[in-house]
Each structure stands twice: as C-alpha cells, then as structure tokens.
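*Asks:* Structure in structure tokens, see below.
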Protein chains: 2
Amino acid sequence: MAPTQTGSARVRVAVPSVAERVAEELRYQLAEGMLLPGARLTEATIAEDLGVSRNTVREAFAELASERLVVRQPNRGVFVATLEAGDIHDLYTVRRAIEVSSIRGGGSAERVAAVRAAVDEGKRAAAAEDNDALGSANQHFHGAIVALAESKRLDTIMKHVLAEMRLYFHKATADAHFYSGWLEENDAICAALEAGELERAGELLLAYLNRSEEQQLTVHGE
Amino acid sequence: MAPTQTGSARVRVAVPSVAERVAEELRYQLAEGMLLPGARLTEATIAEDLGVSRNTVREAFAELASERLVVRQPNRGVFVATLEAGDIHDLYTVRRAIEVSSIRGGGSAERVAAVRAAVDEGKRAAAAEDNDALGSANQHFHGAIVALAESKRLDTIMKHVLAEMRLYFHKATADAHFYSGWLEENDAICAALEAGELERAGELLLAYLNRSEEQQLTVHGE
DNA sequence: GATCGAAGAATCGTTGAACAATTCGACAAT
DNA sequence: ATTGTCGAATTGTTCAACGATTCTTCGATC
C-alpha cells in the first residue's frame with residue numbers, strides 16, 4: 001500500500017460541503033419545476049427531508065438568495081422567487097448587455113467551436129423531437145456566447161441569469177419552442193461569428209433577444 | 001385622518017439582520033483598507049470582536065464570498081480576496097459590457113441628471129483637493145451610468161464590481177488620480193449623453209475603460 | 001544538519017438544542 | 001366589520017459539542 005500519495009498528482013479534490021450540496025439539490029428542484037415560484041421553503045422541513053441541520057439549510061438559503069432564486073422575508077421565511085413586474089425586461093437587459101458585448105469581442109477558435117457545437121446540439125435535439133434537450137441546447141448556445149469573453153465573472157452572471165430563466169419559464173417556454181425559427185437563427189449568428197462578422201453577429205443576437213423578450217412578455221401577460 | 005393606510009406607501013421596515021450588519025461592517029473594513037487582500041478572517045476571532053456567534057459570522061462570510069470579496073478555502077478558512085492573474089481584465093470586461101450597454105440605451109431625464117450630478121460632484125472634490133471624495137465621485141459617475149438602464153440586476157452587479165475595485169485598488173489608485181484627465185472625460189461623456197449622441201458616448205466611455213484598464217495593469221505589474 | 005514523520009494544537013464544518021422575537025390563525029369582544 | 005388577545009408555528013440567533021482537516025512543533029532518522 002502506498003505510504004504517501006506518490007505518483008498520483010496532488011489534486012485538490014474539494015468535496016462540496018454539505019451546504020453546497022443542499023443548495024445544489026434545491027437548485028435542481030427549482031430548475032425541474034418541483035418547487036414553483038411562490039412556494040414556501042420551511043427550514044425545519046427541508047432540514048429533515050435532506051437529513052441535515054437547520055443551520056446548514058440556512059447557509060444554502062443564503063446562497064440561493066444571492067442568486068435571486070429564492071427571496072427571504074425577514075421573520076417570515078424563504079419563498080421561491082416570483083416574477084415581479086419588470087423582471088422579464090430586467091433579465092433581458094442583463095442578457096443584452098453581456099451576450100452582445102461578448103459576441104462583439106469575438107473569441108478563440110475553441111470557444112467559437114463550442115458555440116457551433118451548441119448549435120449542432122440543438123439540431124440533434126430538434127431531430128429527436130426532444131423538447132427538454134432543445135431547451136438545454138439553447139441555454140448552452142447562449143452560455144457559449146458569453147464564454148467567448150473568457151471572463152469568470154461574466155460566466156457566473158450568465159449562469160445565474162439562466163438559472164432564473166429556467167425557474168420562471170420552466171414549462172411556459174414549450175410554447176415558445178413551437179416557433180422553432182430560433183434554431184436557424186442560432187445557426188446564422190454562429191455563422192456570422194465564424195466569419196468574423198462580429199458586428200453583424202451582435203445585431204442578429206440583439207434582434208433575437210428583443211424578440212424573445214417580447215414573446216415572454218406576451219406569454220406572461222404584462 | 002385616513003381610516004386605513006391611504007396615501008403612504010406600505011413600506012417594509014425590515015431591520016437588517018445581525019448577519020447582514022456583520023457583512024456590512026466587514027464590507028466597510030474591506031473598502032477602507034483595514035482588511036487587506038490575503039488577510040485571514042478567523043471565524044472565532046471576528047465572532048468575538050463583533051459580539052456575535054460563529055454561525056452568524058458564517059452567514060456573513062457566505063454573503064461576502066458570493067460577492068467575491070473573500071474566498072473560502074475548505075477546511076482552511078476565509079481570506080480576503082487577492083488579485084489573481086487576469087482579474088483586472090476580467091473586471092474591466094464586466095464593466096465594458098454593462099456600462100457601455102447601459103449608456104448606449106440612454107435613460108430618463110432624471111437618470112441623466114444623476115450622471116451630471118456625479119460629474120459635478122467630481123469637480124467639487126477636485127476643487128477641494130479631496131482625493132477620497134474624488135474616488136467616490138468617480139464611482140458614483142459610473143454607477144449612475146449603469147443606473148440609466150433601470151435594471152435591479154445590473155445595479156447590483158455593478159455594486160459588486162465597484163466593491164471589488166475598492167478592495168483591490170484602494171490606495172494604489174491615488175497614482176492614477178494624478179492623471180486627472182478623466183474629470184474632463186467624464187464631462188465629455190455626460191455631455192454626449194445629454195445631447196443624445198449615445199453612440200458617441202458609448203465610444204468615449206469604452207475608450208476610457210480601456211485606458212483605465214491599461215493603467216491598472218501597469219500599476220499592478222502584469 | 002536537513003528531511004521526514006508523528007503527536008498536538010488550532011480551526012473549520014456540522015450538528016443539536018435552546019430561547020427570544022416575530023408572525024400567523026383563530027376566536028372572542030366591542 | 002374592526003379590534004384585541006391568546007397560542008401555535010417559524011424564524012433569528014446563540015451556545016456547546018465533536019469529528020475532520022490543516023497547521024505547527026518537535027523529535028527521530030539518515
């Protein structure tokens with residue numbers, strides 16, 4: 001038996017803390033629609049369900065609150081975030097800022113290839129008529145666009161924005177997918193990017209985001 | 001007298017929780033340079049110093065970590081964030097994305113007036129040769145630009161970015177202020193904004209951010 | 001004398017229990 | 001119908017404890 005860790009690289013394995021795993025589980029349930037907007041999250045209940053202490057649940061809540069997935073009401077409890085007036089516009093304002101800026105900056109060949117890969121992923125999902133996979137592919141596409149900028153901070157911001165969108169537009173977007181024109185649109189955006197026509201790629205992306213916002217606004221009457 | 005609460009808005013008083021106040025205090029000390037990058041923050045020590053429990057300190061840490069002001073190293077402790085390679089570029093990438101996008105969208109007369117007010121604030125600080133006030137005014141200027149977009153989310157993102165910049169460039173920016181050209185630059189940007197020349201305002205702002213990044217890069221040898 | 005390893009101290013991660021403060025719901029009184 | 005009161009439920013916070021991990025010290029070995 002090896003007395004010390006010879007040979008194998010000394011990797012920081014960093015097992016996620018319990019609080020982190022609780023947050024992860026809740027994020028999953030939020031994205032999957034098991035916890036709907038407005039639902040109350042009682043500390044004691046969740047602590048018992050997941051077999052952890054209340055304090056740990058509390059830490060997880062703090063994390064989710066910082067991501068705007070839940071809202072803390074002092075002395076009242078934690079609730080799954082609900083769509084307030086202006087939130088849709090707000091989310092798309094953030095997306096326009098960081099996605100358009102990212103695509104206008106271009107990116108390395110690898111990053112561009114990742115965008116292309118997301119486009120293909122969408123096409124496969126469409127061919128397989130897998131609606132869930134379609135949604136994921138679209139998120140990968142936009143995530144890959146932001147990844148062009150190679151910015152840790154923009155990446156996490158985008159991650160949080162997409163998590164919010166999953167929460168709010170969970171199944172409602174099934175309708176939006178009926179208009180499957182965005183698949184070809186993604187392709188066109190990606191093509192412009194690959195051709196180095198960054199300005200045009202930015203315009204196309206902006207147009208997409210504006211239209212997408214309008215769609216969501218009509219679906220969620222506002 | 002009104003029988004029910006007619007007229008006055010129903011405000012949630014919401015006394016900040018203890019954890020929130022602890023986070024606020026630490027944020028203050030970080031911005032003020034009392035806690036320098038790399039410094040270790042021991043839970044027990046801070047708990048005792050501020051007269052709160054370790055668990056409460058923990059919650060405050062979680063909040064600060066989500067803002068990237070401190071870094072958690074599992075089982076090792078919490079440290080004031082340090083400037084890693086690429087962080088300066090990263091921060092300016094975020095600023096370029098949200099500031100330029102915001103100014104290009106223009107804003108209401110009130111919001112534009114707020115930008116102008118920040119410019120004037122800077123001029124007064126310069127006249128009074130108050131270096132601290134100069135730094136604050138500059139931050140208010142850029143905060144006001146993002147506020148043009150009227151987006152909660154962009155506002156908090158910008159708040160976090162500025163907090164990071166205060167942490168890293170606390171006193172080092174005193175040098176950068178020697179080149180006081182940015183005062184007139186802010187004025188020019190604001191003028192373009194007021195004149196509705198949004199495209200040009202965006203260009204000016206972008207140029208400023210690029211130059212500012214380079215300055216910081218040279219100051220913090222990289 | 002430098003390297004290695006093992007015992008011990010310090011700190012973190014997490015738990016469980018406790019208690020005051022606040023909110024909520026029901027029920028009675030005006 | 002509004003107000004007031006009481007009790008139950010939940011949150012905010014503290015405290016004490018313990019295993020696990022990291023850091024430090026200090027010998028032992030080569």
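For the structure tokens, the naming scheme is as follows: chains receive sequential letters (A, B, ...) according to their order of presentation, residues are indexed from 1 within each chain, and ligands are indexed from 1 in presentation order.
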Counting only C-alpha atoms (C1' of nucleotides), what is within 6 Å of stretch 140-150 of chain A, bar same-chain residues fewer than 5 positions away, as a PyMOL selection string?
*Replies:* chain A and resi 99+102+107+111+115+118
*Asks:* For the full set of C-alpha atoms taken in order, report to one decimal the RMSD after fitting chain B onto chain A.
*Replies:*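 When all C-alpha atoms are superposed, the deviation is 2.0 Å.
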*Asks:* As a PyMOL selection string, please: all residues of stretch 97-134 of chain B that backbone DSSP puts in alpha helix (DSSP H).
*Replies:* chain B and resi 101-104+109-127+131-134
*Asks:* Using only C-alpha atoms (C1' of nucleotides), which residues sit within 12 Å of stretch 159-163 of chain B once same-chain residues fewer than 5 positions away are excluded, as a PDB file with N, CA and C atoms, in the first residue's frame?
*Replies:*
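Just written: selection.pdb:
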```
ATOM      1  N   SER A  66     -28.711  34.866  -2.882  1.00  0.00           N
ATOM      2  CA  SER A  66     -27.779  35.729  -3.602  1.00  0.00           C
ATOM      3  C   SER A  66     -27.900  35.514  -5.100  1.00  0.00           C
ATOM      4  N   ARG A 153     -16.255  36.137 -14.244  1.00  0.00           N
ATOM      5  CA  ARG A 153     -17.383  36.859 -13.669  1.00  0.00           C
ATOM      6  C   ARG A 153     -18.587  36.873 -14.610  1.00  0.00           C
ATOM      7  N   LEU A 154     -18.354  37.112 -15.865  1.00  0.00           N
ATOM      8  CA  LEU A 154     -19.484  37.086 -16.801  1.00  0.00           C
ATOM      9  C   LEU A 154     -20.093  35.691 -16.853  1.00  0.00           C
ATOM     10  N   ILE A 157     -22.321  35.277 -13.852  1.00  0.00           N
ATOM     11  CA  ILE A 157     -23.514  36.111 -14.001  1.00  0.00           C
ATOM     12  C   ILE A 157     -24.497  35.432 -14.955  1.00  0.00           C
TER      13      ILE A 157
ATOM     14  N   GLU B  24     -22.052  43.966   6.499  1.00  0.00           N
ATOM     15  CA  GLU B  24     -21.898  45.394   6.200  1.00  0.00           C
ATOM     16  C   GLU B  24     -20.627  45.939   6.845  1.00  0.00           C
ATOM     17  N   LEU B  26     -17.954  44.274   7.707  1.00  0.00           N
ATOM     18  CA  LEU B  26     -16.774  43.727   7.037  1.00  0.00           C
ATOM     19  C   LEU B  26     -16.579  44.385   5.673  1.00  0.00           C
ATOM     20  N   ARG B  27     -17.656  44.604   4.983  1.00  0.00           N
ATOM     21  CA  ARG B  27     -17.556  45.309   3.697  1.00  0.00           C
ATOM     22  C   ARG B  27     -16.905  46.668   3.900  1.00  0.00           C
ATOM     23  N   TYR B  28     -17.317  47.341   4.943  1.00  0.00           N
ATOM     24  CA  TYR B  28     -16.753  48.657   5.235  1.00  0.00           C
ATOM     25  C   TYR B  28     -15.254  48.556   5.471  1.00  0.00           C
ATOM     26  N   GLN B  29     -14.874  47.607   6.300  1.00  0.00           N
ATOM     27  CA  GLN B  29     -13.456  47.462   6.608  1.00  0.00           C
ATOM     28  C   GLN B  29     -12.660  47.062   5.373  1.00  0.00           C
ATOM     29  N   LEU B  30     -13.283  46.304   4.493  1.00  0.00           N
ATOM     30  CA  LEU B  30     -12.588  45.918   3.262  1.00  0.00           C
ATOM     31  C   LEU B  30     -12.406  47.128   2.351  1.00  0.00           C
ATOM     32  N   ALA B  31     -13.438  47.933   2.235  1.00  0.00           N
ATOM     33  CA  ALA B  31     -13.357  49.104   1.360  1.00  0.00           C
ATOM     34  C   ALA B  31     -12.370  50.124   1.912  1.00  0.00           C
ATOM     35  N   GLU B  32     -12.294  50.184   3.215  1.00  0.00           N
ATOM     36  CA  GLU B  32     -11.461  51.195   3.876  1.00  0.00           C
ATOM     37  C   GLU B  32      -9.997  50.763   3.969  1.00  0.00           C
ATOM     38  N   GLY B  33      -9.731  49.546   3.572  1.00  0.00           N
ATOM     39  CA  GLY B  33      -8.348  49.087   3.611  1.00  0.00           C
ATOM     40  C   GLY B  33      -7.896  48.595   4.973  1.00  0.00           C
ATOM     41  N   GLU B  63     -22.162  35.536   2.322  1.00  0.00           N
ATOM     42  CA  GLU B  63     -22.589  36.663   1.502  1.00  0.00           C
ATOM     43  C   GLU B  63     -21.389  37.326   0.834  1.00  0.00           C
ATOM     44  N   LEU B  64     -20.357  37.576   1.619  1.00  0.00           N
ATOM     45  CA  LEU B  64     -19.176  38.237   1.060  1.00  0.00           C
ATOM     46  C   LEU B  64     -18.507  37.364   0.008  1.00  0.00           C
ATOM     47  N   ALA B  65     -18.549  36.069   0.220  1.00  0.00           N
ATOM     48  CA  ALA B  65     -17.942  35.166  -0.758  1.00  0.00           C
ATOM     49  C   ALA B  65     -18.696  35.234  -2.077  1.00  0.00           C
ATOM     50  N   SER B  66     -20.015  35.367  -1.994  1.00  0.00           N
ATOM     51  CA  SER B  66     -20.805  35.444  -3.230  1.00  0.00           C
ATOM     52  C   SER B  66     -20.501  36.745  -3.968  1.00  0.00           C
ATOM     53  N   GLU B  67     -19.968  37.715  -3.262  1.00  0.00           N
ATOM     54  CA  GLU B  67     -19.606  38.987  -3.896  1.00  0.00           C
ATOM     55  C   GLU B  67     -18.129  38.997  -4.281  1.00  0.00           C
ATOM     56  N   ARG B  68     -17.486  37.878  -4.056  1.00  0.00           N
ATOM     57  CA  ARG B  68     -16.059  37.739  -4.398  1.00  0.00           C
ATOM     58  C   ARG B  68     -15.152  38.636  -3.577  1.00  0.00           C
ATOM     59  N   LEU B  69     -15.599  39.120  -2.470  1.00  0.00           N
ATOM     60  CA  LEU B  69     -14.735  39.958  -1.633  1.00  0.00           C
ATOM     61  C   LEU B  69     -13.848  39.094  -0.762  1.00  0.00           C
ATOM     62  N   VAL B  70     -14.315  37.927  -0.430  1.00  0.00           N
ATOM     63  CA  VAL B  70     -13.500  36.975   0.308  1.00  0.00           C
ATOM     64  C   VAL B  70     -13.552  35.634  -0.417  1.00  0.00           C
ATOM     65  N   ALA B  81     -10.039  38.357  -0.551  1.00  0.00           N
ATOM     66  CA  ALA B  81      -9.699  38.005  -1.928  1.00  0.00           C
ATOM     67  C   ALA B  81      -8.429  38.712  -2.378  1.00  0.00           C
ATOM     68  N   ASP B  87      -7.564  38.964 -13.313  1.00  0.00           N
ATOM     69  CA  ASP B  87      -8.715  39.542 -12.627  1.00  0.00           C
ATOM     70  C   ASP B  87      -8.990  40.970 -13.062  1.00  0.00           C
ATOM     71  N   ILE B  88      -7.938  41.727 -13.285  1.00  0.00           N
ATOM     72  CA  ILE B  88      -8.144  43.111 -13.711  1.00  0.00           C
ATOM     73  C   ILE B  88      -8.877  43.121 -15.045  1.00  0.00           C
ATOM     74  N   ASP B  90     -10.643  40.844 -16.249  1.00  0.00           N
ATOM     75  CA  ASP B  90     -11.974  40.296 -16.024  1.00  0.00           C
ATOM     76  C   ASP B  90     -12.933  41.380 -15.541  1.00  0.00           C
ATOM     77  N   LEU B  91     -12.494  42.121 -14.542  1.00  0.00           N
ATOM     78  CA  LEU B  91     -13.344  43.180 -14.001  1.00  0.00           C
ATOM     79  C   LEU B  91     -13.692  44.211 -15.068  1.00  0.00           C
ATOM     80  N   TYR B  92     -12.704  44.584 -15.850  1.00  0.00           N
ATOM     81  CA  TYR B  92     -12.988  45.579 -16.881  1.00  0.00           C
ATOM     82  C   TYR B  92     -13.847  44.988 -18.000  1.00  0.00           C
ATOM     83  N   THR B  93     -13.750  43.719 -18.223  1.00  0.00           N
ATOM     84  CA  THR B  93     -14.630  43.087 -19.205  1.00  0.00           C
ATOM     85  C   THR B  93     -16.084  43.229 -18.767  1.00  0.00           C
ATOM     86  N   VAL B  94     -16.325  43.004 -17.491  1.00  0.00           N
ATOM     87  CA  VAL B  94     -17.687  43.171 -16.989  1.00  0.00           C
ATOM     88  C   VAL B  94     -18.115  44.631 -17.109  1.00  0.00           C
ATOM     89  N   ARG B  95     -17.224  45.521 -16.750  1.00  0.00           N
ATOM     90  CA  ARG B  95     -17.586  46.941 -16.798  1.00  0.00           C
ATOM     91  C   ARG B  95     -17.887  47.374 -18.229  1.00  0.00           C
ATOM     92  N   ARG B  96     -17.048  46.950 -19.159  1.00  0.00           N
ATOM     93  CA  ARG B  96     -17.302  47.318 -20.548  1.00  0.00           C
ATOM     94  C   ARG B  96     -18.680  46.826 -20.975  1.00  0.00           C
ATOM     95  N   ILE B  98     -21.452  46.068 -19.189  1.00  0.00           N
ATOM     96  CA  ILE B  98     -22.663  46.661 -18.624  1.00  0.00           C
ATOM     97  C   ILE B  98     -22.679  48.184 -18.703  1.00  0.00           C
ATOM     98  N   GLU B  99     -21.527  48.812 -18.607  1.00  0.00           N
ATOM     99  CA  GLU B  99     -21.545  50.275 -18.676  1.00  0.00           C
ATOM    100  C   GLU B  99     -21.828  50.754 -20.090  1.00  0.00           C
ATOM    101  N   GLY B 135     -12.419  59.819  -5.616  1.00  0.00           N
ATOM    102  CA  GLY B 135     -12.652  58.410  -5.920  1.00  0.00           C
ATOM    103  C   GLY B 135     -14.127  58.054  -5.814  1.00  0.00           C
ATOM    104  N   SER B 136     -14.763  58.522  -4.761  1.00  0.00           N
ATOM    105  CA  SER B 136     -16.195  58.251  -4.592  1.00  0.00           C
ATOM    106  C   SER B 136     -16.990  58.821  -5.751  1.00  0.00           C
ATOM    107  N   ASN B 138     -16.111  59.393  -8.723  1.00  0.00           N
ATOM    108  CA  ASN B 138     -15.918  58.617  -9.946  1.00  0.00           C
ATOM    109  C   ASN B 138     -16.779  57.355  -9.914  1.00  0.00           C
ATOM    110  N   GLN B 139     -16.815  56.728  -8.752  1.00  0.00           N
ATOM    111  CA  GLN B 139     -17.651  55.533  -8.636  1.00  0.00           C
ATOM    112  C   GLN B 139     -19.121  55.894  -8.801  1.00  0.00           C
ATOM    113  N   HIS B 140     -19.513  57.031  -8.259  1.00  0.00           N
ATOM    114  CA  HIS B 140     -20.910  57.448  -8.415  1.00  0.00           C
ATOM    115  C   HIS B 140     -21.229  57.691  -9.891  1.00  0.00           C
ATOM    116  N   PHE B 141     -20.257  58.260 -10.578  1.00  0.00           N
ATOM    117  CA  PHE B 141     -20.446  58.521 -12.006  1.00  0.00           C
ATOM    118  C   PHE B 141     -20.745  57.224 -12.752  1.00  0.00           C
ATOM    119  N   HIS B 142     -19.896  56.244 -12.529  1.00  0.00           N
ATOM    120  CA  HIS B 142     -20.088  55.001 -13.276  1.00  0.00           C
ATOM    121  C   HIS B 142     -21.316  54.233 -12.784  1.00  0.00           C
ATOM    122  N   GLY B 143     -21.596  54.361 -11.503  1.00  0.00           N
ATOM    123  CA  GLY B 143     -22.824  53.760 -11.003  1.00  0.00           C
ATOM    124  C   GLY B 143     -24.040  54.413 -11.649  1.00  0.00           C
ATOM    125  N   ALA B 144     -23.993  55.711 -11.811  1.00  0.00           N
ATOM    126  CA  ALA B 144     -25.120  56.431 -12.400  1.00  0.00           C
ATOM    127  C   ALA B 144     -25.308  56.039 -13.859  1.00  0.00           C
ATOM    128  N   VAL B 146     -24.703  53.061 -15.143  1.00  0.00           N
ATOM    129  CA  VAL B 146     -25.403  51.777 -15.160  1.00  0.00           C
ATOM    130  C   VAL B 146     -26.863  51.965 -14.757  1.00  0.00           C
ATOM    131  N   ALA B 147     -27.084  52.904 -13.860  1.00  0.00           N
ATOM    132  CA  ALA B 147     -28.459  53.147 -13.389  1.00  0.00           C
ATOM    133  C   ALA B 147     -29.363  53.627 -14.508  1.00  0.00           C
ATOM    134  N   LYS B 152     -32.482  46.442 -11.822  1.00  0.00           N
ATOM    135  CA  LYS B 152     -32.069  45.999 -10.492  1.00  0.00           C
ATOM    136  C   LYS B 152     -30.817  45.151 -10.580  1.00  0.00           C
ATOM    137  N   ARG B 153     -30.873  44.196 -11.513  1.00  0.00           N
ATOM    138  CA  ARG B 153     -29.789  43.225 -11.579  1.00  0.00           C
ATOM    139  C   ARG B 153     -28.486  43.870 -12.010  1.00  0.00           C
ATOM    140  N   LEU B 154     -28.541  44.707 -13.015  1.00  0.00           N
ATOM    141  CA  LEU B 154     -27.310  45.375 -13.423  1.00  0.00           C
ATOM    142  C   LEU B 154     -26.781  46.251 -12.292  1.00  0.00           C
ATOM    143  N   TYR B 168      -9.322  46.142  -4.235  1.00  0.00           N
ATOM    144  CA  TYR B 168      -8.019  45.913  -4.859  1.00  0.00           C
ATOM    145  C   TYR B 168      -7.244  47.206  -5.085  1.00  0.00           C
ATOM    146  N   PHE B 169      -7.956  48.252  -5.474  1.00  0.00           N
ATOM    147  CA  PHE B 169      -7.269  49.473  -5.878  1.00  0.00           C
ATOM    148  C   PHE B 169      -7.425  50.540  -4.824  1.00  0.00           C
ATOM    149  N   HIS B 170      -7.399  50.101  -3.587  1.00  0.00           N
ATOM    150  CA  HIS B 170      -7.731  51.014  -2.516  1.00  0.00           C
ATOM    151  C   HIS B 170      -6.909  52.291  -2.544  1.00  0.00           C
TER     152      HIS B 170
END
```
*Asks:* List the spatial neighbours of stretch 5-13 of chain C as a VMD selection string - criterion: any atom at most 8 Å away, only C-alpha atoms (C1' of nucleotides), same-chain residues fewer than 2 positions off excluded.
*Replies:* (chain A and resid 17) or (chain B and resid 74 to 77) or (chain D and resid 21 to 24)
*Asks:* The selected residues should be written to file as an mmCIF file, in the first residue's frame (atoms: N, CA and C atoms (P, O5', C5', C4', C3', O3' and C1' of nucleotides)).
*Replies:*
```
data_model
loop_
_atom_site.group_PDB
_atom_site.id
_atom_site.type_symbol
_atom_site.label_atom_id
_atom_site.label_comp_id
_atom_site.auth_asym_id
_atom_site.auth_seq_id
_atom_site.Cartn_x
_atom_site.Cartn_y
_atom_site.Cartn_z
ATOM 1 N N SER A 17 -19.146 21.027 0.166
ATOM 2 C CA SER A 17 -19.652 20.997 1.534
ATOM 3 C C SER A 17 -21.116 20.568 1.536
ATOM 4 N N PRO B 74 -11.761 25.491 1.689
ATOM 5 C CA PRO B 74 -12.382 24.454 2.522
ATOM 6 C C PRO B 74 -11.457 23.983 3.638
ATOM 7 N N ASN B 75 -11.990 23.985 4.817
ATOM 8 C CA ASN B 75 -11.239 23.499 5.983
ATOM 9 C C ASN B 75 -10.016 24.339 6.314
ATOM 10 N N ARG B 76 -9.803 25.408 5.589
ATOM 11 C CA ARG B 76 -8.644 26.235 5.874
ATOM 12 C C ARG B 76 -9.051 27.599 6.404
ATOM 13 N N GLY B 77 -10.130 28.110 5.886
ATOM 14 C CA GLY B 77 -10.578 29.395 6.384
ATOM 15 C C GLY B 77 -10.999 30.347 5.292
ATOM 16 P P DT D 21 -11.436 14.466 6.657
ATOM 17 O "O5'" DT D 21 -10.550 15.770 6.644
ATOM 18 C "C5'" DT D 21 -11.174 17.031 6.397
ATOM 19 C "C4'" DT D 21 -10.213 18.157 6.704
ATOM 20 C "C3'" DT D 21 -8.789 17.962 6.149
ATOM 21 O "O3'" DT D 21 -8.510 19.046 5.290
ATOM 22 C "C1'" DT D 21 -8.745 18.648 8.404
ATOM 23 P P DT D 22 -7.166 19.109 4.473
ATOM 24 O "O5'" DT D 22 -6.356 20.230 5.258
ATOM 25 C "C5'" DT D 22 -7.005 21.457 5.591
ATOM 26 C "C4'" DT D 22 -6.196 22.207 6.636
ATOM 27 C "C3'" DT D 22 -4.719 22.397 6.286
ATOM 28 O "O3'" DT D 22 -4.405 23.772 6.369
ATOM 29 C "C1'" DT D 22 -4.966 21.611 8.489
ATOM 30 P P DC D 23 -3.002 24.298 5.887
ATOM 31 O "O5'" DC D 23 -2.264 24.596 7.268
ATOM 32 C "C5'" DC D 23 -2.885 25.489 8.192
ATOM 33 C "C4'" DC D 23 -2.102 25.496 9.498
ATOM 34 C "C3'" DC D 23 -0.593 25.697 9.334
ATOM 35 O "O3'" DC D 23 -0.175 26.717 10.233
ATOM 36 C "C1'" DC D 23 -1.024 23.777 10.651
ATOM 37 P P DT D 24 1.331 27.176 10.264
ATOM 38 O "O5'" DT D 24 1.896 26.457 11.562
ATOM 39 C "C5'" DT D 24 1.074 26.369 12.731
ATOM 40 C "C4'" DT D 24 1.840 25.699 13.858
ATOM 41 C "C3'" DT D 24 3.358 25.893 13.838
ATOM 42 O "O3'" DT D 24 3.800 26.129 15.164
ATOM 43 C "C1'" DT D 24 2.845 23.584 13.879
#
```
*Asks:* Residues of chain B were defined as contacting chain D if any atom lay at most 12 Å from it, counting only C-alpha atoms (C1' of nucleotides); please report them as a list in words.
*Replies:*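 Listed by rising number, the hits are Pro3, Thr4, Val15, Pro16, Ser17, Val18, Ala19, Glu20, Ala47, Gly51, Val52, Ser53, Arg54, Asn55, Thr56, Val57, Glu59, Gln73, Pro74, Asn75, Arg76 and Gly77 of chain B.
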*Asks:* Between atom CA of A:Ile103 and atom CA of A:Glu199, what is the distance, to one decimal in Å?
*Replies:*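 Taking atom CA of A:Ile103 and atom CA of A:Glu199, their separation equals 8.5 Å.
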